[in-house]
Amino acid sequence: MKHFIFFCAINLFTLQSALHSQPYSQTIRGRVIDKATQQPMPGANVIVLDTEPVKGAVTDTDGWFKLDDVALGRISLDISFMGYQNVTIRNLFLISGKEMILTVELEESVQHVGEVVVKASHQKNRPNNDMALISARSFTIEETEKYAGSRGDVARMASAYAGVSFANDSRNDIVIRGNSPVGLLWRLEDMDLPNPNHFAENGTTGGPVSMLNNNVLRNSDFITGAFPAEYGNALSGVFDLKMRNGNNEQFEHIFQVGFNGLELGSEGPLSKKHKSSYLANYRFSVMDVVSLLGVDFGTTGVPHYQDLSFKLSFPVKKGLVTWFGIGGISSVSMLDSKAKDDALYTNEGQDLYNGSKMGASGISWLRYLSANTYAKFILSGFCQNGWTEIDTLDVDKNKTRYFDHKISEYRLTFSAFTGTKFNAALSSKAGFTVDQMGYDMKTYQYDHDSLRMIKRLQEKKNLGDGGYLLRTYFELNCKLSDKLILTPGIHLLYYTLTGKPSIEPRMGMSWKYGKHRSINLGYGTHAKTHTLSTYYLGSYLPDGQYVETNTGIGYTKSQQVVLGHDWNLNENLRLKTEAYYQYLYDIPVEQNPTYFSLLNTGAGWGVGAEDSLVNEGTGRNYGIEVTFEKFLSRGYYFLITTSLFDSKYRGSDGIERNTAFNGNYVFNALAGKEFTIKEKSMLTVDLKVTWAGGVRYIPVDIDRSLAEQATVLDLSNPYEDQYPDYFKADIKFGYKMNGKKSTQEFLFFIENVTNHKNVLYRLYKKSRDEVININQLGFYPMMQYRISF
């Protein structure tokens, strides 16, 4: 540790001494490819706008371009090729500490106009996936850093978008249009991910701290409904994330310390001749570092975590081979037996131990089969392990094991897809995925009647014996003209445990009825499997026999339709409106008439399944969303989103109720301003305000809680009551300073700057003999330092 601190100090001193007054510049490099075929495009023109004299380049035979000595700061590029719609990328931020490396996709125009370039306005919000015509947008990695309150987390960043509810500071669960966060699909480099968060429970999709490091990501897509046929086994939305390639010409490094941890990153060429590269980033919990120095946090609940992300890229003849991966470990102990009075985050009369591990990796091969066809093959796998142990304490702090929960899941996946451009008006994409599963699950809970630990879940299958999940799809992109696009498709899902297929038609449509206006429509049938712990949850019959009653349940399904209007008022100002209706059916509910439904999974900790489930529940979500957005220009931006929605379900008792996620409304307002200082430095200020309907909850039965000296819920009235409205205001100040070969950045955040008391949950506190509110994050200042060199 001493050597490491000494090394960092020497490097910071050396790099900071490089600052001086002469003009600084940087290199912009990249590749231009055809969007439909992924083939390189030689002869494309790349121009830096607003330069005198004009600075530009032409791509070589492999589609590569290079622009040297470009002035630092905000720059814009125009990329064009004869017969293709040109792309203008505005307000890229060029720093001295890192070369800018871009991949630009051009789309062939249906209507050619002689021998001139076809002009078309480039929509900054347009998704990378041209099959996604509605409820989809791309986001830049700069946005994950720019938005106040995002903490460099793509999930927290997406909470600002229309249709997303986010009223819990403790986790980054994404609730889309009233759906359970479990309905979200995480995808990285075309590989489906399990929960990519620390302290994650198997089968969920959120957590307190993300493993996804934004320093290794590139521009990606976020889809909130009626998604294209290539995405399956999901109900609510998709995060389709891409990792960037490392610099293949020079070595670059990053050091960062802040809320998310202490980070070290490096990238560079493996072979300059063959343009191969590596990219790696390691992160270590800051609290771990501080606790090693003997600092007392006043609580036993200090989180420990670390994670690693990497990508190796090897260009080969007619293609590209990559090896990529992400992994992390985390643990926390919240011990009332060692806590001080009223210590933070500890539950009274209880010691809790929680942790998780996850690793996912894949090897992909992109192969150009012909001038108009490409294929991609991916072999990937993951292992996820989560555990929770709970001991109850008597008055003398003696421990009794109450809960013992350990789940490990393994998956080996092979997937392949191919894309073909038949002509400028018609292209297709088709593929399949085969998942081979294994698992080892064990859950025991203390039984007060028998005074012993009893089995609730115990199932083990080696990889290959745990069943298969098969998916295949076909989709078309039909450009009837440059103004009318259709994207029909079909997805097929088959899980060997259920033994039944799910056939899911999809359709998208976009009609540009004016130069800057379009009407968009999307429809989709979607199905999703359940968590392994739900399928194999067991119960005891009156004769003492242990049985697994859920192995026969089928998929949860939905049909959804979305209608939208997009109006680009000018080059940087956009007004977007979408209305949607989603019908959910075949929802697992209990056989006996109760309020329970798996649609509410994610409202509390873990999956929360019950035994003896049947596919007889229903649900529905509908609402309207408005986005008013000014993209960054003239040094400032803003984003205002409003979502009005209603989310209801029916359990086996037939009563229509609010879902746990029916907050009814969400309002977000974000804004930011940049101030350039002497061309080498920049000061930034960013604000975010969120106002949302309060979280729905199951109330505490006060009389029974007082009588039993423990928290007892009133199950006769679930999710009818709401906590007070959620309100949170965040502010962020940033300062970037360019040296000759380095860039330093200082950030200062304040979350919940008004110290608003947002309720997290209610419980009975035995020491006070009363029911109290546990509040979410209060006034919380943070700092971050980063240096790129």
# chains A, B, ... in the order shown; residues from 1 in each chain; ligands from 1
>>> select_by_dssp(residues="region 260-427 of chain A", states="strand (DSSP E or B)", output="PyMOL selection string")
chain A and resi 261-271+276-284+304-316+319-335+350-370+373-393+399-423+426-427
>>> residues_around(residues="region 465-480 of chain A", least_positions_apart="2", cutoff="8 Å", atoms="only C-alpha atoms", output="PyMOL selection string")
chain A and resi 110+130-131+228-230+232+424-439+461-463+482-497
>>> atom_distance(atom1="CA of Leu193 (chain A)", atom2="CA of Val238 (chain A)")
11.2 Å
>>> atom_distance(atom1="CA of Val395 (chain A)", atom2="CA of Val712 (chain A)")
20.5 Å
>>> residues_around(residues="Ile33 (chain A)", least_positions_apart="6", cutoff="7 Å", atoms="only C-alpha atoms", output="mmCIF file with C-alpha atoms, in the first residue's frame")
data_model
loop_
_atom_site.group_PDB
_atom_site.id
_atom_site.type_symbol
_atom_site.label_atom_id
_atom_site.label_comp_id
_atom_site.auth_asym_id
_atom_site.auth_seq_id
_atom_site.Cartn_x
_atom_site.Cartn_y
_atom_site.Cartn_z
ATOM 1 C CA GLN A 39 -18.333 -3.328 -43.533
ATOM 2 C CA PRO A 40 -15.593 -0.643 -43.641
ATOM 3 C CA MET A 41 -16.197 2.268 -46.019
ATOM 4 C CA GLY A 63 -12.317 2.598 -43.416
ATOM 5 C CA VAL A 104 -19.192 5.990 -37.201
ATOM 6 C CA GLU A 105 -22.025 4.118 -38.916
ATOM 7 C CA LEU A 106 -23.469 5.507 -42.164
#
>>> closest_residue(among="A:Pro194, A:Lys35, A:Trp511, A:Phe779", to="Tyr374 (chain A)", atoms="only C-alpha atoms")
A:Lys35
>>> closest_residue(among="A:Leu320, A:Leu598, A:Ala280, A:Leu212", to="Ala375 (chain A)", atoms="only C-alpha atoms")
A:Leu320
>>> atom_distance(atom1="CA of Ile519 (chain A)", atom2="CA of Gly564 (chain A)")
5.8 Å
>>> residues_around(residues="His304 (chain A)", least_positions_apart="4", cutoff="7 Å", atoms="only C-alpha atoms", output="PDB file with C-alpha atoms, in the first residue's frame")
ATOM      1  CA  SER A 285     -14.035   0.276  -2.635  1.00  0.00           C
ATOM      2  CA  ASP A 288     -12.166  -0.519   2.141  1.00  0.00           C
ATOM      3  CA  SER A 330     -18.934  -7.703  -2.591  1.00  0.00           C
ATOM      4  CA  SER A 331     -19.856  -8.276   1.034  1.00  0.00           C
ATOM      5  CA  VAL A 332     -21.292  -6.427   4.005  1.00  0.00           C
TER       6      VAL A 332
END
>>> residues_around(residues="region 685-701 of chain A", least_positions_apart="5", cutoff="8 Å", atoms="only C-alpha atoms", output="JSON, numbers by chain")
{"A": [146, 147, 148, 149, 165, 167, 659, 660, 661, 662, 663, 664, 665, 666, 667, 668, 669, 670, 671, 672, 673, 674, 711, 712, 713, 714, 715, 717, 718, 719, 720, 721, 722, 723, 724, 725, 726, 727, 728, 729, 730, 731, 732, 733, 734, 762, 763, 764, 771]}
>>> closest_residue(among="A:Gly651, A:Gly362, A:Pro505, A:Gly514", to="Ser558 (chain A)", atoms="only C-alpha atoms")
A:Pro505
>>> decode(residues="region 698-731 of chain A", atoms="N, CA, C and O atoms", output="compact mmCIF listing (two decimals), in the first residue's frame")
# COMPACT_ATOMS: atom_id res chain seq x y z
N ILE A 698 -46.97 -2.04 2.00
CA ILE A 698 -47.89 -2.80 2.85
C ILE A 698 -47.74 -2.24 4.26
O ILE A 698 -46.64 -2.26 4.82
N PRO A 699 -48.80 -1.72 4.86
CA PRO A 699 -48.66 -1.04 6.15
C PRO A 699 -48.31 -1.99 7.29
O PRO A 699 -48.55 -3.20 7.23
N VAL A 700 -47.71 -1.42 8.32
CA VAL A 700 -47.40 -2.17 9.54
C VAL A 700 -48.65 -2.27 10.40
O VAL A 700 -49.35 -1.27 10.61
N ASP A 701 -48.95 -3.46 10.86
CA ASP A 701 -50.05 -3.66 11.81
C ASP A 701 -49.52 -3.26 13.19
O ASP A 701 -48.81 -4.03 13.85
N ILE A 702 -49.87 -2.07 13.61
CA ILE A 702 -49.27 -1.50 14.82
C ILE A 702 -49.64 -2.32 16.06
O ILE A 702 -48.78 -2.64 16.89
N ASP A 703 -50.92 -2.67 16.18
CA ASP A 703 -51.35 -3.40 17.38
C ASP A 703 -50.64 -4.74 17.50
O ASP A 703 -50.14 -5.12 18.58
N ARG A 704 -50.58 -5.50 16.42
CA ARG A 704 -49.93 -6.81 16.46
C ARG A 704 -48.42 -6.67 16.65
O ARG A 704 -47.79 -7.50 17.31
N SER A 705 -47.84 -5.62 16.07
CA SER A 705 -46.40 -5.41 16.23
C SER A 705 -46.06 -5.11 17.68
O SER A 705 -45.07 -5.62 18.22
N LEU A 706 -46.89 -4.29 18.32
CA LEU A 706 -46.67 -4.00 19.73
C LEU A 706 -46.84 -5.25 20.59
O LEU A 706 -46.08 -5.48 21.54
N ALA A 707 -47.81 -6.07 20.21
CA ALA A 707 -48.08 -7.28 21.00
C ALA A 707 -46.98 -8.32 20.82
O ALA A 707 -46.58 -8.99 21.77
N GLU A 708 -46.48 -8.48 19.58
CA GLU A 708 -45.50 -9.52 19.30
C GLU A 708 -44.07 -9.01 19.38
O GLU A 708 -43.13 -9.79 19.19
N GLN A 709 -43.90 -7.69 19.62
CA GLN A 709 -42.57 -7.11 19.76
C GLN A 709 -41.71 -7.34 18.51
O GLN A 709 -40.51 -7.59 18.59
N ALA A 710 -42.36 -7.27 17.35
CA ALA A 710 -41.67 -7.43 16.07
C ALA A 710 -42.54 -6.81 14.98
O ALA A 710 -43.75 -6.58 15.18
N THR A 711 -41.95 -6.51 13.85
CA THR A 711 -42.70 -5.89 12.76
C THR A 711 -43.64 -6.91 12.14
O THR A 711 -43.23 -7.97 11.65
N VAL A 712 -44.93 -6.61 12.16
CA VAL A 712 -45.97 -7.45 11.56
C VAL A 712 -46.73 -6.59 10.55
O VAL A 712 -47.19 -5.49 10.89
N LEU A 713 -46.88 -7.08 9.32
CA LEU A 713 -47.53 -6.31 8.27
C LEU A 713 -49.03 -6.61 8.22
O LEU A 713 -49.47 -7.72 8.51
N ASP A 714 -49.79 -5.61 7.81
CA ASP A 714 -51.23 -5.74 7.63
C ASP A 714 -51.50 -6.14 6.18
O ASP A 714 -51.58 -5.31 5.29
N LEU A 715 -51.63 -7.44 5.94
CA LEU A 715 -51.78 -7.96 4.58
C LEU A 715 -53.18 -7.77 4.02
O LEU A 715 -53.43 -8.12 2.86
N SER A 716 -54.08 -7.18 4.78
CA SER A 716 -55.43 -6.95 4.28
C SER A 716 -55.51 -5.72 3.39
O SER A 716 -56.53 -5.50 2.72
N ASN A 717 -54.46 -4.92 3.37
CA ASN A 717 -54.52 -3.66 2.63
C ASN A 717 -53.19 -3.40 1.90
O ASN A 717 -52.53 -2.39 2.13
N PRO A 718 -52.78 -4.29 0.98
CA PRO A 718 -51.47 -4.13 0.34
C PRO A 718 -51.47 -3.07 -0.75
O PRO A 718 -52.39 -3.01 -1.58
N TYR A 719 -50.47 -2.23 -0.74
CA TYR A 719 -50.14 -1.28 -1.82
C TYR A 719 -51.22 -0.23 -2.09
O TYR A 719 -51.23 0.39 -3.14
N GLU A 720 -52.11 -0.02 -1.14
CA GLU A 720 -53.09 1.06 -1.31
C GLU A 720 -52.54 2.38 -0.79
O GLU A 720 -52.87 3.44 -1.30
N ASP A 721 -51.73 2.31 0.24
CA ASP A 721 -51.16 3.52 0.82
C ASP A 721 -49.82 3.85 0.16
O ASP A 721 -49.11 2.97 -0.35
N GLN A 722 -49.48 5.14 0.16
CA GLN A 722 -48.22 5.61 -0.37
C GLN A 722 -47.48 6.42 0.68
O GLN A 722 -48.10 7.14 1.49
N TYR A 723 -46.15 6.32 0.65
CA TYR A 723 -45.36 7.25 1.43
C TYR A 723 -45.49 8.63 0.82
O TYR A 723 -45.93 8.77 -0.33
N PRO A 724 -45.15 9.69 1.56
CA PRO A 724 -45.21 11.03 0.98
C PRO A 724 -44.38 11.11 -0.31
O PRO A 724 -43.47 10.31 -0.55
N ASP A 725 -44.71 12.07 -1.15
CA ASP A 725 -44.03 12.22 -2.44
C ASP A 725 -42.52 12.23 -2.27
O ASP A 725 -41.98 12.79 -1.30
N TYR A 726 -41.87 11.63 -3.23
CA TYR A 726 -40.41 11.59 -3.27
C TYR A 726 -39.91 12.87 -3.93
O TYR A 726 -40.36 13.26 -5.01
N PHE A 727 -38.96 13.54 -3.26
CA PHE A 727 -38.36 14.76 -3.82
C PHE A 727 -36.87 14.74 -3.55
O PHE A 727 -36.43 14.46 -2.42
N LYS A 728 -36.10 15.03 -4.59
CA LYS A 728 -34.66 15.01 -4.44
C LYS A 728 -34.04 15.99 -5.42
O LYS A 728 -34.35 15.99 -6.61
N ALA A 729 -33.17 16.86 -4.91
CA ALA A 729 -32.44 17.82 -5.73
C ALA A 729 -30.95 17.57 -5.57
O ALA A 729 -30.44 17.47 -4.46
N ASP A 730 -30.26 17.44 -6.70
CA ASP A 730 -28.82 17.16 -6.71
C ASP A 730 -28.10 18.26 -7.49
O ASP A 730 -28.64 18.84 -8.43
N ILE A 731 -26.87 18.53 -7.10
CA ILE A 731 -26.05 19.52 -7.79
C ILE A 731 -24.63 18.97 -7.92
O ILE A 731 -24.16 18.23 -7.04
